[in-house]
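Peer 1: My file is protein10.txt. It has compact mmCIF, C-alpha atoms and all ligand atoms:
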# COMPACT_ATOMS: atom_id res chain seq x y z
CA MET A 11 -15.66 -1.46 -35.02
CA ASN A 12 -17.97 -2.13 -32.10
CA HIS A 13 -15.92 -1.45 -28.95
CA ILE A 14 -18.14 -3.57 -26.76
CA LEU A 15 -17.58 -6.65 -28.90
CA GLU A 16 -13.86 -5.87 -29.17
CA ASN A 17 -13.68 -6.09 -25.39
CA LEU A 18 -15.65 -9.36 -25.04
CA GLN A 19 -13.82 -12.65 -24.73
CA PRO A 20 -15.18 -15.55 -26.81
CA SER A 21 -17.35 -18.04 -24.87
CA ALA A 22 -14.93 -19.97 -22.65
CA SER A 23 -17.01 -23.16 -22.74
CA VAL A 24 -17.33 -23.12 -26.53
CA ALA A 25 -13.58 -22.38 -26.82
CA LEU A 26 -12.51 -25.16 -24.42
CA MET A 27 -14.80 -27.71 -26.11
CA ALA A 28 -13.08 -26.84 -29.40
CA ARG A 29 -9.66 -27.04 -27.73
CA ALA A 30 -10.42 -30.53 -26.37
CA LYS A 31 -11.48 -31.70 -29.85
CA GLU A 32 -8.28 -30.27 -31.30
CA MET A 33 -6.16 -32.03 -28.62
CA GLN A 34 -8.02 -35.32 -29.30
CA LYS A 35 -6.92 -35.25 -32.94
CA ALA A 36 -3.29 -35.51 -31.83
CA ASP A 37 -3.96 -37.61 -28.72
CA PRO A 38 -7.19 -39.66 -28.68
CA THR A 39 -6.72 -40.42 -24.97
CA VAL A 40 -7.60 -36.81 -24.06
CA ILE A 41 -10.86 -36.72 -22.06
CA GLY A 42 -12.95 -33.59 -22.70
CA LEU A 43 -15.15 -32.73 -19.70
CA ALA A 44 -15.30 -29.00 -20.43
CA GLY A 45 -18.47 -28.63 -22.49
CA GLY A 46 -21.93 -29.38 -21.22
CA GLU A 47 -23.24 -31.62 -23.95
CA PRO A 48 -25.20 -34.88 -23.50
CA ASP A 49 -23.33 -37.82 -25.03
CA PHE A 50 -26.66 -39.56 -25.82
CA ASP A 51 -28.27 -39.65 -29.24
CA THR A 52 -31.53 -37.75 -29.68
CA PRO A 53 -34.47 -40.15 -29.06
CA GLU A 54 -35.33 -41.79 -32.39
CA ARG A 55 -38.96 -40.70 -32.40
CA ILE A 56 -37.87 -37.07 -32.52
CA THR A 57 -35.34 -37.64 -35.30
CA ARG A 58 -37.87 -39.64 -37.38
CA ALA A 59 -40.48 -36.90 -37.08
CA ALA A 60 -37.96 -34.34 -38.36
CA ILE A 61 -36.91 -36.56 -41.28
CA ASP A 62 -40.53 -37.27 -42.22
CA SER A 63 -41.32 -33.58 -42.08
CA LEU A 64 -38.34 -32.75 -44.29
CA LEU A 65 -39.28 -35.48 -46.81
CA ALA A 66 -42.83 -34.13 -46.83
CA GLY A 67 -41.40 -30.87 -48.18
CA ASN A 68 -41.45 -28.84 -44.99
CA THR A 69 -38.66 -26.56 -46.20
CA HIS A 70 -40.36 -23.16 -46.01
CA TYR A 71 -40.53 -20.38 -43.48
CA THR A 72 -42.82 -21.09 -40.53
CA ASP A 73 -44.80 -18.56 -38.49
CA SER A 74 -42.10 -16.39 -36.95
CA ALA A 75 -42.80 -17.46 -33.36
CA GLY A 76 -42.88 -21.17 -34.27
CA ILE A 77 -45.22 -23.86 -35.62
CA PRO A 78 -48.61 -23.94 -33.83
CA GLU A 79 -48.28 -27.61 -32.71
CA LEU A 80 -44.95 -26.98 -31.01
CA ARG A 81 -46.02 -23.72 -29.37
CA ALA A 82 -49.16 -25.45 -28.05
CA ALA A 83 -47.11 -28.42 -26.76
CA ILE A 84 -44.68 -26.05 -25.01
CA ALA A 85 -47.52 -24.08 -23.38
CA GLU A 86 -49.08 -27.35 -22.20
CA LYS A 87 -45.72 -28.51 -20.79
CA LEU A 88 -45.17 -25.21 -18.95
CA ARG A 89 -48.64 -25.49 -17.40
CA ALA A 90 -48.36 -29.16 -16.45
CA ASP A 91 -44.70 -29.39 -15.36
CA ASN A 92 -43.98 -25.90 -14.12
CA GLY A 93 -47.30 -24.52 -12.90
CA ILE A 94 -46.95 -21.52 -15.20
CA ASP A 95 -50.17 -19.96 -16.50
CA ALA A 96 -48.77 -20.30 -20.02
CA ASP A 97 -50.51 -19.46 -23.26
CA ALA A 98 -49.26 -20.63 -26.67
CA SER A 99 -49.63 -17.08 -27.99
CA ARG A 100 -46.80 -16.00 -25.67
CA VAL A 101 -44.44 -18.86 -26.57
CA LEU A 102 -41.57 -18.24 -28.99
CA VAL A 103 -39.39 -21.00 -30.44
CA THR A 104 -35.75 -20.02 -30.93
CA PRO A 105 -32.57 -21.57 -32.34
CA GLY A 106 -31.20 -22.65 -28.94
CA GLY A 107 -32.04 -21.39 -25.46
CA LYS A 108 -29.04 -19.07 -25.79
CA TYR A 109 -30.85 -17.04 -28.44
CA ALA A 110 -33.96 -16.85 -26.25
CA ILE A 111 -31.76 -15.27 -23.56
CA TYR A 112 -30.23 -12.91 -26.11
CA LEU A 113 -33.69 -11.76 -27.28
CA THR A 114 -35.01 -11.29 -23.75
CA VAL A 115 -32.04 -9.24 -22.61
CA ASN A 116 -32.24 -7.03 -25.71
CA ALA A 117 -35.99 -6.55 -25.32
CA LEU A 118 -35.81 -5.59 -21.65
CA LEU A 119 -32.74 -3.35 -21.39
CA ASN A 120 -32.07 0.17 -22.60
CA PRO A 121 -28.41 1.21 -22.95
CA GLY A 122 -26.81 1.68 -19.53
CA GLU A 123 -29.51 -0.25 -17.64
CA GLU A 124 -28.39 -2.98 -15.28
CA ALA A 125 -28.94 -6.72 -15.08
CA LEU A 126 -28.19 -8.62 -11.88
CA ILE A 127 -26.36 -11.91 -12.40
CA LEU A 128 -25.76 -14.34 -9.54
CA ASP A 129 -22.19 -15.67 -9.50
CA PRO A 130 -20.99 -18.31 -10.09
CA SER A 131 -22.82 -17.89 -13.39
CA TRP A 132 -22.77 -19.42 -16.84
CA VAL A 133 -20.18 -17.73 -19.04
CA SER A 134 -22.55 -16.03 -21.51
CA TYR A 135 -25.00 -14.03 -19.37
CA GLY A 136 -22.56 -11.16 -18.75
CA PRO A 137 -21.40 -10.90 -22.39
CA ILE A 138 -25.01 -11.01 -23.69
CA VAL A 139 -25.95 -8.12 -21.35
CA ARG A 140 -22.89 -6.12 -22.41
CA ALA A 141 -23.50 -6.78 -26.12
CA ALA A 142 -26.99 -5.29 -25.56
CA HIS A 143 -25.29 -2.12 -24.21
CA GLY A 144 -26.44 -3.05 -20.72
CA VAL A 145 -24.37 -3.28 -17.56
CA ASP A 146 -23.87 -6.67 -15.89
CA VAL A 147 -23.84 -6.37 -12.10
CA HIS A 148 -22.58 -9.53 -10.42
CA VAL A 149 -23.94 -10.66 -7.07
CA LYS A 150 -21.47 -13.04 -5.46
CA LEU A 151 -23.15 -16.00 -3.81
CA GLN A 152 -20.96 -17.83 -1.32
CA ALA A 153 -19.78 -21.44 -1.51
CA ALA A 154 -19.70 -21.52 2.32
CA GLU A 155 -23.46 -20.72 2.29
CA ALA A 156 -24.22 -23.39 -0.34
CA TYR A 157 -24.68 -20.53 -2.83
CA ARG A 158 -28.07 -19.67 -1.32
CA ILE A 159 -29.80 -16.54 -2.61
CA THR A 160 -30.71 -14.05 0.09
CA ARG A 161 -32.84 -10.93 -0.10
CA GLU A 162 -29.92 -8.98 1.45
CA ALA A 163 -27.54 -9.96 -1.35
CA LEU A 164 -30.03 -8.79 -3.98
CA GLU A 165 -30.84 -5.53 -2.14
CA ALA A 166 -27.13 -4.72 -1.83
CA ALA A 167 -26.77 -4.82 -5.62
CA VAL A 168 -29.97 -3.15 -6.84
CA THR A 169 -29.92 0.48 -8.08
CA ASP A 170 -32.42 2.75 -9.77
CA ARG A 171 -31.04 1.49 -13.09
CA THR A 172 -31.68 -2.22 -12.40
CA ARG A 173 -34.18 -3.66 -14.88
CA LEU A 174 -33.45 -7.38 -14.92
CA LEU A 175 -32.47 -10.25 -12.64
CA ILE A 176 -31.18 -13.42 -14.29
CA LEU A 177 -31.66 -16.77 -12.52
CA ASN A 178 -30.49 -20.17 -13.71
CA TYR A 179 -31.76 -23.22 -11.82
CA PRO A 180 -30.82 -26.05 -11.82
CA ASN A 181 -27.60 -24.08 -11.88
CA ASN A 182 -24.70 -24.27 -14.26
CA PRO A 183 -22.02 -24.56 -12.85
CA THR A 184 -22.86 -25.21 -9.16
CA GLY A 185 -25.62 -27.83 -9.60
CA ARG A 186 -27.87 -26.08 -7.07
CA ILE A 187 -31.64 -26.01 -7.50
CA LEU A 188 -33.98 -23.17 -6.48
CA HIS A 189 -35.45 -23.87 -3.03
CA THR A 190 -38.63 -22.45 -1.49
CA ASP A 191 -36.90 -19.94 0.83
CA GLU A 192 -34.89 -18.62 -2.12
CA ALA A 193 -37.95 -18.34 -4.38
CA GLU A 194 -39.66 -16.40 -1.57
CA ALA A 195 -36.67 -14.07 -1.24
CA VAL A 196 -36.67 -13.45 -4.99
CA GLU A 197 -40.41 -12.83 -5.01
CA ALA A 198 -40.18 -10.33 -2.13
CA PHE A 199 -37.32 -8.61 -3.95
CA LEU A 200 -39.34 -8.33 -7.19
CA LEU A 201 -42.37 -7.00 -5.33
CA ALA A 202 -40.20 -4.32 -3.71
CA HIS A 203 -38.75 -3.35 -7.12
CA PRO A 204 -41.55 -3.19 -9.68
CA GLN A 205 -39.20 -1.99 -12.42
CA VAL A 206 -37.22 -5.27 -12.34
CA TRP A 207 -38.04 -8.22 -14.61
CA LEU A 208 -36.84 -11.76 -14.12
CA LEU A 209 -35.31 -14.08 -16.69
CA SER A 210 -35.47 -17.66 -15.44
CA ASP A 211 -33.25 -20.02 -17.44
CA GLU A 212 -34.48 -23.55 -16.64
CA VAL A 213 -32.69 -25.50 -19.36
CA TYR A 214 -31.46 -28.23 -16.94
CA GLU A 215 -34.96 -28.71 -15.51
CA THR A 216 -35.32 -32.45 -16.15
CA ILE A 217 -31.86 -33.30 -14.83
CA VAL A 218 -32.37 -33.34 -11.04
CA TYR A 219 -31.39 -35.95 -8.46
CA GLY A 220 -33.94 -35.31 -5.74
CA GLU A 221 -36.58 -32.64 -5.52
CA LYS A 222 -37.49 -30.51 -8.52
CA SER A 223 -36.21 -26.95 -8.91
CA LEU A 224 -38.91 -24.28 -8.54
CA SER A 225 -40.13 -22.10 -11.44
CA MET A 226 -40.53 -18.42 -10.57
CA GLY A 227 -43.06 -18.06 -13.40
CA ALA A 228 -45.47 -20.18 -11.31
CA ARG A 229 -45.76 -17.46 -8.64
CA PRO A 230 -48.85 -15.36 -9.46
CA ALA A 231 -47.65 -12.27 -7.57
CA VAL A 232 -44.71 -11.80 -9.97
CA ALA A 233 -45.59 -13.96 -13.02
CA ASP A 234 -46.37 -10.88 -15.10
CA ARG A 235 -42.65 -10.02 -15.01
CA VAL A 236 -41.10 -13.47 -15.44
CA VAL A 237 -39.69 -14.65 -18.76
CA THR A 238 -39.08 -18.41 -18.66
CA VAL A 239 -36.43 -19.87 -20.96
CA ASN A 240 -35.97 -23.56 -21.63
CA GLY A 241 -34.91 -25.78 -24.51
CA PHE A 242 -34.43 -29.24 -25.96
CA SER A 243 -30.61 -29.45 -25.90
CA LYS A 244 -30.17 -30.88 -22.43
CA CYS A 245 -33.44 -32.71 -21.69
CA ALA A 246 -33.62 -34.53 -25.05
CA ALA A 247 -29.94 -34.56 -26.07
CA MET A 248 -30.54 -32.15 -28.96
CA THR A 249 -27.65 -29.68 -28.64
CA GLY A 250 -26.86 -29.69 -32.36
CA TRP A 251 -30.47 -29.06 -33.34
CA ARG A 252 -30.29 -25.60 -31.78
CA LEU A 253 -33.84 -25.41 -30.46
CA GLY A 254 -34.99 -23.57 -27.39
CA TYR A 255 -38.00 -21.52 -26.37
CA LEU A 256 -39.29 -18.83 -24.10
CA HIS A 257 -42.57 -17.84 -22.54
CA ALA A 258 -42.97 -14.12 -21.87
CA PRO A 259 -45.80 -11.94 -20.60
CA GLU A 260 -46.73 -8.75 -22.42
CA PRO A 261 -45.30 -6.24 -23.13
CA ALA A 262 -42.01 -8.17 -23.24
CA PHE A 263 -43.35 -10.80 -25.64
CA ARG A 264 -44.28 -8.19 -28.24
CA LEU A 265 -40.77 -6.68 -28.24
CA ILE A 266 -39.04 -10.05 -28.19
CA ALA A 267 -41.13 -11.24 -31.15
CA ARG A 268 -40.40 -8.00 -33.02
CA LEU A 269 -36.63 -8.38 -32.61
CA TYR A 270 -36.88 -12.05 -33.57
CA SER A 271 -38.75 -11.25 -36.78
CA HIS A 272 -35.93 -8.91 -37.77
CA SER A 273 -33.00 -11.07 -36.68
CA MET A 274 -33.98 -14.72 -37.27
CA SER A 275 -37.41 -14.84 -38.97
CA CYS A 276 -38.08 -18.32 -37.57
CA ALA A 277 -36.45 -21.61 -36.55
CA SER A 278 -36.31 -24.46 -39.13
CA GLY A 279 -39.78 -25.92 -39.62
CA PHE A 280 -38.73 -29.57 -39.95
CA LEU A 281 -36.61 -29.35 -36.80
CA GLN A 282 -39.58 -27.89 -34.94
CA ALA A 283 -41.73 -30.78 -36.19
CA GLY A 284 -39.17 -33.16 -34.62
CA ALA A 285 -39.08 -31.21 -31.35
CA ALA A 286 -42.88 -31.42 -31.09
CA GLU A 287 -42.31 -35.12 -30.28
CA ALA A 288 -39.92 -34.37 -27.42
CA PHE A 289 -42.57 -34.08 -24.73
CA SER A 290 -43.71 -37.63 -25.43
CA CYS A 291 -40.17 -38.92 -24.81
CA ARG A 292 -40.40 -38.77 -21.00
CA GLU A 293 -39.14 -42.33 -20.59
CA GLU A 294 -36.02 -41.62 -22.60
CA MET A 295 -35.42 -38.45 -20.56
CA GLU A 296 -35.81 -40.40 -17.34
CA ARG A 297 -33.36 -43.07 -18.56
CA MET A 298 -30.77 -40.38 -19.32
CA ARG A 299 -31.35 -38.81 -15.91
CA ARG A 300 -30.70 -42.12 -14.17
CA VAL A 301 -27.47 -42.60 -16.09
CA TYR A 302 -26.33 -39.07 -15.13
CA ALA A 303 -27.15 -39.90 -11.50
CA ARG A 304 -24.85 -42.94 -11.55
CA ARG A 305 -22.02 -40.98 -13.17
CA ARG A 306 -22.50 -38.17 -10.67
CA ASP A 307 -22.16 -40.55 -7.72
CA LEU A 308 -19.11 -42.25 -9.19
CA PHE A 309 -17.29 -39.01 -9.95
CA ILE A 310 -18.13 -37.11 -6.76
CA VAL A 311 -17.02 -40.04 -4.59
CA ALA A 312 -13.76 -40.29 -6.57
CA MET A 313 -13.07 -36.54 -6.26
CA ASN A 314 -13.65 -36.48 -2.49
CA ALA A 315 -11.23 -39.38 -2.08
CA ILE A 316 -8.34 -37.23 -3.36
CA PRO A 317 -6.47 -35.32 -0.61
CA GLY A 318 -7.07 -31.55 -0.95
CA VAL A 319 -10.03 -32.01 -3.28
CA ARG A 320 -13.72 -31.69 -2.35
CA ALA A 321 -17.02 -31.60 -4.17
CA GLU A 322 -20.66 -31.45 -3.09
CA TYR A 323 -23.25 -33.67 -4.75
CA PRO A 324 -25.01 -31.46 -7.32
CA GLU A 325 -28.80 -31.35 -6.90
CA GLY A 326 -29.28 -30.90 -10.63
CA ALA A 327 -27.61 -30.41 -14.06
CA PHE A 328 -24.67 -32.60 -15.08
CA TYR A 329 -21.68 -30.75 -13.69
CA ALA A 330 -19.33 -31.61 -10.87
CA TRP A 331 -18.16 -28.38 -9.22
CA VAL A 332 -14.88 -29.41 -7.65
CA PHE A 333 -12.69 -27.40 -5.26
CA PHE A 334 -8.91 -27.86 -5.20
CA ASP A 335 -6.80 -26.77 -2.26
CA LEU A 336 -3.40 -26.52 -3.91
CA PRO A 337 -1.10 -23.80 -2.56
CA GLY A 338 -0.12 -21.24 -5.19
CA MET A 339 -2.52 -22.53 -7.85
CA ASP A 340 -5.70 -20.82 -9.05
CA SER A 341 -8.39 -22.45 -11.17
CA GLN A 342 -6.72 -21.45 -14.44
CA ALA A 343 -3.46 -23.04 -13.29
CA VAL A 344 -5.19 -26.24 -12.15
CA SER A 345 -7.12 -26.46 -15.42
CA ARG A 346 -3.91 -26.03 -17.43
CA TYR A 347 -2.03 -28.51 -15.25
CA LEU A 348 -4.73 -31.20 -15.56
CA MET A 349 -4.88 -30.66 -19.29
CA GLU A 350 -1.14 -31.23 -19.64
CA ARG A 351 -0.51 -33.85 -17.01
CA ALA A 352 -3.80 -35.80 -16.82
CA ARG A 353 -5.02 -35.09 -20.34
CA VAL A 354 -8.38 -34.15 -18.83
CA VAL A 355 -10.05 -30.91 -19.92
CA GLY A 356 -12.19 -29.13 -17.30
CA MET A 357 -13.50 -25.57 -17.11
CA PRO A 358 -11.71 -23.18 -14.71
CA GLY A 359 -14.10 -21.73 -12.12
CA SER A 360 -12.81 -18.20 -12.81
CA ALA A 361 -14.81 -18.30 -16.08
CA TYR A 362 -17.94 -18.33 -13.89
CA GLY A 363 -16.77 -15.60 -11.53
CA GLU A 364 -15.84 -18.03 -8.73
CA GLU A 365 -13.02 -16.67 -6.57
CA GLY A 366 -12.17 -20.00 -4.92
CA CYS A 367 -10.14 -22.59 -6.82
CA ALA A 368 -12.95 -24.58 -8.44
CA LEU A 369 -13.19 -26.51 -11.71
CA ARG A 370 -16.32 -27.62 -13.53
CA PHE A 371 -16.30 -31.12 -15.02
CA SER A 372 -19.25 -32.26 -17.12
CA PHE A 373 -20.38 -35.80 -16.34
CA ALA A 374 -22.48 -35.99 -19.52
CA ASN A 375 -19.81 -38.43 -20.63
CA ALA A 376 -19.42 -42.23 -20.57
CA ALA A 377 -18.95 -43.74 -17.09
CA GLU A 378 -15.66 -45.36 -18.23
CA ASP A 379 -14.35 -41.93 -19.25
CA MET A 380 -15.49 -40.41 -15.96
CA ALA A 381 -13.74 -43.18 -14.01
CA GLU A 382 -10.57 -42.87 -16.06
CA ALA A 383 -10.63 -39.05 -15.75
CA ALA A 384 -11.00 -39.36 -11.97
CA ARG A 385 -8.09 -41.84 -11.81
CA ARG A 386 -5.84 -39.50 -13.81
CA ILE A 387 -6.86 -36.40 -11.84
CA ARG A 388 -6.00 -38.27 -8.65
CA GLU A 389 -2.61 -39.30 -9.98
CA ALA A 390 -1.83 -35.76 -11.16
CA ILE A 391 -2.81 -34.18 -7.82
CA LEU A 392 -0.84 -36.75 -5.81
CA ALA A 393 2.20 -36.03 -8.00
CA LEU A 394 2.17 -32.42 -6.73
CA ASN A 395 2.74 -33.45 -3.10
N1 LIG A 401 -24.11 -24.52 -21.92
C1 LIG A 401 -23.08 -25.50 -22.12
C2 LIG A 401 -21.94 -25.28 -21.15
O1 LIG A 401 -22.04 -24.50 -20.26
C3 LIG A 401 -22.64 -25.51 -23.57
C4 LIG A 401 -21.67 -24.44 -24.00
C5 LIG A 401 -22.19 -23.06 -23.79
O2 LIG A 401 -23.19 -22.72 -24.39
O3 LIG A 401 -21.60 -22.36 -22.99
O4 LIG A 401 -20.95 -25.94 -21.28
As structure tokens, how would this structure be written, given the file I've shared?

Peer 2:
Amino acid sequence: MNHILENLQPSASVALMARAKEMQKADPTVIGLAGGEPDFDTPERITRAAIDSLLAGNTHYTDSAGIPELRAAIAEKLRADNGIDADASRVLVTPGGKYAIYLTVNALLNPGEEALILDPSWVSYGPIVRAAHGVDVHVKLQAAEAYRITREALEAAVTDRTRLLILNYPNNPTGRILHTDEAEAVEAFLLAHPQVWLLSDEVYETIVYGEKSLSMGARPAVADRVVTVNGFSKCAAMTGWRLGYLHAPEPAFRLIARLYSHSMSCASGFLQAGAAEAFSCREEMERMRRVYARRRDLFIVAMNAIPGVRAEYPEGAFYAWVFFDLPGMDSQAVSRYLMERARVVGMPGSAYGEEGCALRFSFANAAEDMAEAARRIREAILALN
């Protein structure tokens, strides 16, 4: 048996989403805010295009890297929205952004080489690096410093075995975006370490509440080492379609495409035909964003009104990152307590490498559920005093 996999825990977010569904079977009043999954339906234009494609007999393998129309649309989007000098020949369509990350990590790391991950970090970066026989090195960003990236923090973690830095902005779980001073620090770091590549996971790109998050792939000085990952799950409410993509410079693209041809062949052609419509659904995306913004405001205000509880307004993504000051309780204990007492399921911050007592609640859920969850969390916390 593979010892690395034996020592990995299953994805905590996938596991807690399943747990919430299980609890809801016995008690439909349970509110699941653990998983990050839009509650909206996929815009109809996208679904129709996929159905039409399927009915037209599009049931065969596609080009391994994806159908030409979709790759061209993605390259155009990366140029127009992100300022990346993208070319369709370096775009690869994958089943979910997660698989794009998996491919990139495997293509860039040799066994024993290191990837820097900025904590708090999404639960799967570390395990994906370890499964690739790499070493995940965690750089702790500080809540007290608004989780800002500094050159010093990166320099303190780099070694002669570092080959990859993973960034995720807008950030899951903290909701921070990448600001200019941070992008400059990352660029200076990459220029000082020419052996290090960057994986920029921008899957929450369209869900921002003020300024846009920056794309490192738009910076010419380092663009030849930046792999940009994005997908359709969050922006177009297409989680179950499993469709993401990456743009990678050579020589990474060649290796990524090689591994993909051996491990996945291609993504479903009729689903890709649907996704090709996604970039013309900007209005629908904007409507969803506005709804998230209202839920964000409602929930953050409600959390800050509870004694001993505080939360910043996230700049992007759809997660409330909430700190609890409850003597003797860590994030696992608070998560368990809220599950039992309030029947609200939230992710413990420890799953993201946060040392403070934080929980992540997804507000990609109906406003009534968010309001009811906030009311019950309040009641449960007050009951402790
Ligand atoms: N990315 C989402 C989350 O963080 C979905 C589950 C997962 O892939 O981890 O909740």

Peer 1: Quick one: residues within 8 Å of Lys150 in chain A, only C-alpha atoms, excluding same-chain residues fewer than 5 positions away - as an mmCIF file with C-alpha atoms, in the frame of the given file?

Peer 2:
data_model
loop_
_atom_site.group_PDB
_atom_site.id
_atom_site.type_symbol
_atom_site.label_atom_id
_atom_site.label_comp_id
_atom_site.auth_asym_id
_atom_site.auth_seq_id
_atom_site.Cartn_x
_atom_site.Cartn_y
_atom_site.Cartn_z
ATOM 1 C CA LEU A 128 -25.760 -14.340 -9.540
ATOM 2 C CA ASP A 129 -22.190 -15.670 -9.500
ATOM 3 C CA PRO A 130 -20.990 -18.310 -10.090
ATOM 4 C CA ALA A 163 -27.540 -9.960 -1.350
#

Peer 1: Range 249-330 of chain A near range 109-116 of chain A within 8 Å: what's each residue's closest atom pair and its distance in Å to one decimal, counting only C-alpha atoms, ordered by chain then ascending residue number, as JSON lines?

Peer 2:
{"residue": "A:Gly254", "atom": "CA", "partner": "A:Ala110", "partner_atom": "CA", "distance": 6.9}
{"residue": "A:Tyr255", "atom": "CA", "partner": "A:Ala110", "partner_atom": "CA", "distance": 6.2}
{"residue": "A:Leu256", "atom": "CA", "partner": "A:Ala110", "partner_atom": "CA", "distance": 6.1}
{"residue": "A:Ala262", "atom": "CA", "partner": "A:Thr114", "partner_atom": "CA", "distance": 7.7}
{"residue": "A:Ile266", "atom": "CA", "partner": "A:Leu113", "partner_atom": "CA", "distance": 5.7}
{"residue": "A:Leu269", "atom": "CA", "partner": "A:Leu113", "partner_atom": "CA", "distance": 7.0}
{"residue": "A:Tyr270", "atom": "CA", "partner": "A:Leu113", "partner_atom": "CA", "distance": 7.1}

Peer 1: Just to confirm, what's the straight-line distance from CA of Met295 in chain A to CA of Ala22 in chain A in Å (one decimal)?

Peer 2: 27.7 Å

Peer 1: Find, counting all atoms listed in the file, the residue in A:Val218, A:Ala267, A:Ala352, A:Glu365 that gets nearest to Arg300 in chain A.

Peer 2: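 Answer, going by the shortest atom-to-atom distance: A:Val218.
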
Peer 1: Considering only C-alpha atoms, tabulate each residue of range 86-120 of chain A that lies at most 9 Å from range 169-177 of chain A along with its nearest interatomic pair and the corresponding distance in Å to one decimal; arrange the rows by chain and ascending residue number and present them as a tab-separated table.

Peer 2:
residue	atom	partner	partner_atom	distance
A:Val115	CA	A:Leu174	CA	8.0
A:Leu118	CA	A:Arg173	CA	7.2
A:Leu119	CA	A:Arg173	CA	6.7
A:Asn120	CA	A:Arg173	CA	8.9

Peer 1: Generate the output file for the selected residues, C-alpha atoms, as a short mmCIF file (atom, residue, chain, number, x, y, z; two decimals), keeping the file's coordinate frame.

Peer 2:
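As written to disk, selection33.cif reads:
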data_model
loop_
_atom_site.label_atom_id
_atom_site.label_comp_id
_atom_site.auth_asym_id
_atom_site.auth_seq_id
_atom_site.Cartn_x
_atom_site.Cartn_y
_atom_site.Cartn_z
CA VAL A 115 -32.04 -9.24 -22.61
CA LEU A 118 -35.81 -5.59 -21.65
CA LEU A 119 -32.74 -3.35 -21.39
CA ASN A 120 -32.07 0.17 -22.60
#

Peer 1: Any idea what's packed within 12 Å of Leu102 in chain A, counting all atoms listed in the file, ignoring anything in its chain fewer than 5 positions away? Could you give it as a PyMOL selection string?

Peer 2: chain A and resi 72-78+80-85+96-97+107+109-111+113-114+237-241+253-259+262-271+274-277+282

Peer 1: Go ahead and write the residues just picked, C-alpha atoms, as an mmCIF file, in the coordinates of the input.

Peer 2:
data_model
loop_
_atom_site.group_PDB
_atom_site.id
_atom_site.type_symbol
_atom_site.label_atom_id
_atom_site.label_comp_id
_atom_site.auth_asym_id
_atom_site.auth_seq_id
_atom_site.Cartn_x
_atom_site.Cartn_y
_atom_site.Cartn_z
ATOM 1 C CA THR A 72 -42.820 -21.090 -40.530
ATOM 2 C CA ASP A 73 -44.800 -18.560 -38.490
ATOM 3 C CA SER A 74 -42.100 -16.390 -36.950
ATOM 4 C CA ALA A 75 -42.800 -17.460 -33.360
ATOM 5 C CA GLY A 76 -42.880 -21.170 -34.270
ATOM 6 C CA ILE A 77 -45.220 -23.860 -35.620
ATOM 7 C CA PRO A 78 -48.610 -23.940 -33.830
ATOM 8 C CA LEU A 80 -44.950 -26.980 -31.010
ATOM 9 C CA ARG A 81 -46.020 -23.720 -29.370
ATOM 10 C CA ALA A 82 -49.160 -25.450 -28.050
ATOM 11 C CA ALA A 83 -47.110 -28.420 -26.760
ATOM 12 C CA ILE A 84 -44.680 -26.050 -25.010
ATOM 13 C CA ALA A 85 -47.520 -24.080 -23.380
ATOM 14 C CA ALA A 96 -48.770 -20.300 -20.020
ATOM 15 C CA ASP A 97 -50.510 -19.460 -23.260
ATOM 16 C CA GLY A 107 -32.040 -21.390 -25.460
ATOM 17 C CA TYR A 109 -30.850 -17.040 -28.440
ATOM 18 C CA ALA A 110 -33.960 -16.850 -26.250
ATOM 19 C CA ILE A 111 -31.760 -15.270 -23.560
ATOM 20 C CA LEU A 113 -33.690 -11.760 -27.280
ATOM 21 C CA THR A 114 -35.010 -11.290 -23.750
ATOM 22 C CA VAL A 237 -39.690 -14.650 -18.760
ATOM 23 C CA THR A 238 -39.080 -18.410 -18.660
ATOM 24 C CA VAL A 239 -36.430 -19.870 -20.960
ATOM 25 C CA ASN A 240 -35.970 -23.560 -21.630
ATOM 26 C CA GLY A 241 -34.910 -25.780 -24.510
ATOM 27 C CA LEU A 253 -33.840 -25.410 -30.460
ATOM 28 C CA GLY A 254 -34.990 -23.570 -27.390
ATOM 29 C CA TYR A 255 -38.000 -21.520 -26.370
ATOM 30 C CA LEU A 256 -39.290 -18.830 -24.100
ATOM 31 C CA HIS A 257 -42.570 -17.840 -22.540
ATOM 32 C CA ALA A 258 -42.970 -14.120 -21.870
ATOM 33 C CA PRO A 259 -45.800 -11.940 -20.600
ATOM 34 C CA ALA A 262 -42.010 -8.170 -23.240
ATOM 35 C CA PHE A 263 -43.350 -10.800 -25.640
ATOM 36 C CA ARG A 264 -44.280 -8.190 -28.240
ATOM 37 C CA LEU A 265 -40.770 -6.680 -28.240
ATOM 38 C CA ILE A 266 -39.040 -10.050 -28.190
ATOM 39 C CA ALA A 267 -41.130 -11.240 -31.150
ATOM 40 C CA ARG A 268 -40.400 -8.000 -33.020
ATOM 41 C CA LEU A 269 -36.630 -8.380 -32.610
ATOM 42 C CA TYR A 270 -36.880 -12.050 -33.570
ATOM 43 C CA SER A 271 -38.750 -11.250 -36.780
ATOM 44 C CA MET A 274 -33.980 -14.720 -37.270
ATOM 45 C CA SER A 275 -37.410 -14.840 -38.970
ATOM 46 C CA CYS A 276 -38.080 -18.320 -37.570
ATOM 47 C CA ALA A 277 -36.450 -21.610 -36.550
ATOM 48 C CA GLN A 282 -39.580 -27.890 -34.940
#

Peer 1: With a cut-off of 8 Å, could you pull out the residues of chain A touching ligand LIG 401 (chain A) and give me the nearest pair of atoms for each, distance in Å to one decimal, using only C-alpha atoms and all ligand atoms, ordered by chain and ascending number, as a tab-separated table?

Peer 2:
residue	atom	partner	partner_atom	distance
A:Ser21	CA	A:LIG401	O3	6.3
A:Ala22	CA	A:LIG401	O3	7.1
A:Ser23	CA	A:LIG401	O3	4.7
A:Val24	CA	A:LIG401	C4	5.2
A:Met27	CA	A:LIG401	C4	7.9
A:Ala44	CA	A:LIG401	O4	6.5
A:Gly45	CA	A:LIG401	O4	3.9
A:Gly46	CA	A:LIG401	O4	3.6
A:Glu47	CA	A:LIG401	C3	6.2
A:Lys108	CA	A:LIG401	O2	7.0
A:Trp132	CA	A:LIG401	O1	6.2
A:Val133	CA	A:LIG401	O3	6.2
A:Ser134	CA	A:LIG401	O3	6.6
A:Asn182	CA	A:LIG401	O1	6.6
A:Pro183	CA	A:LIG401	O1	7.4
A:Ser372	CA	A:LIG401	O4	7.8
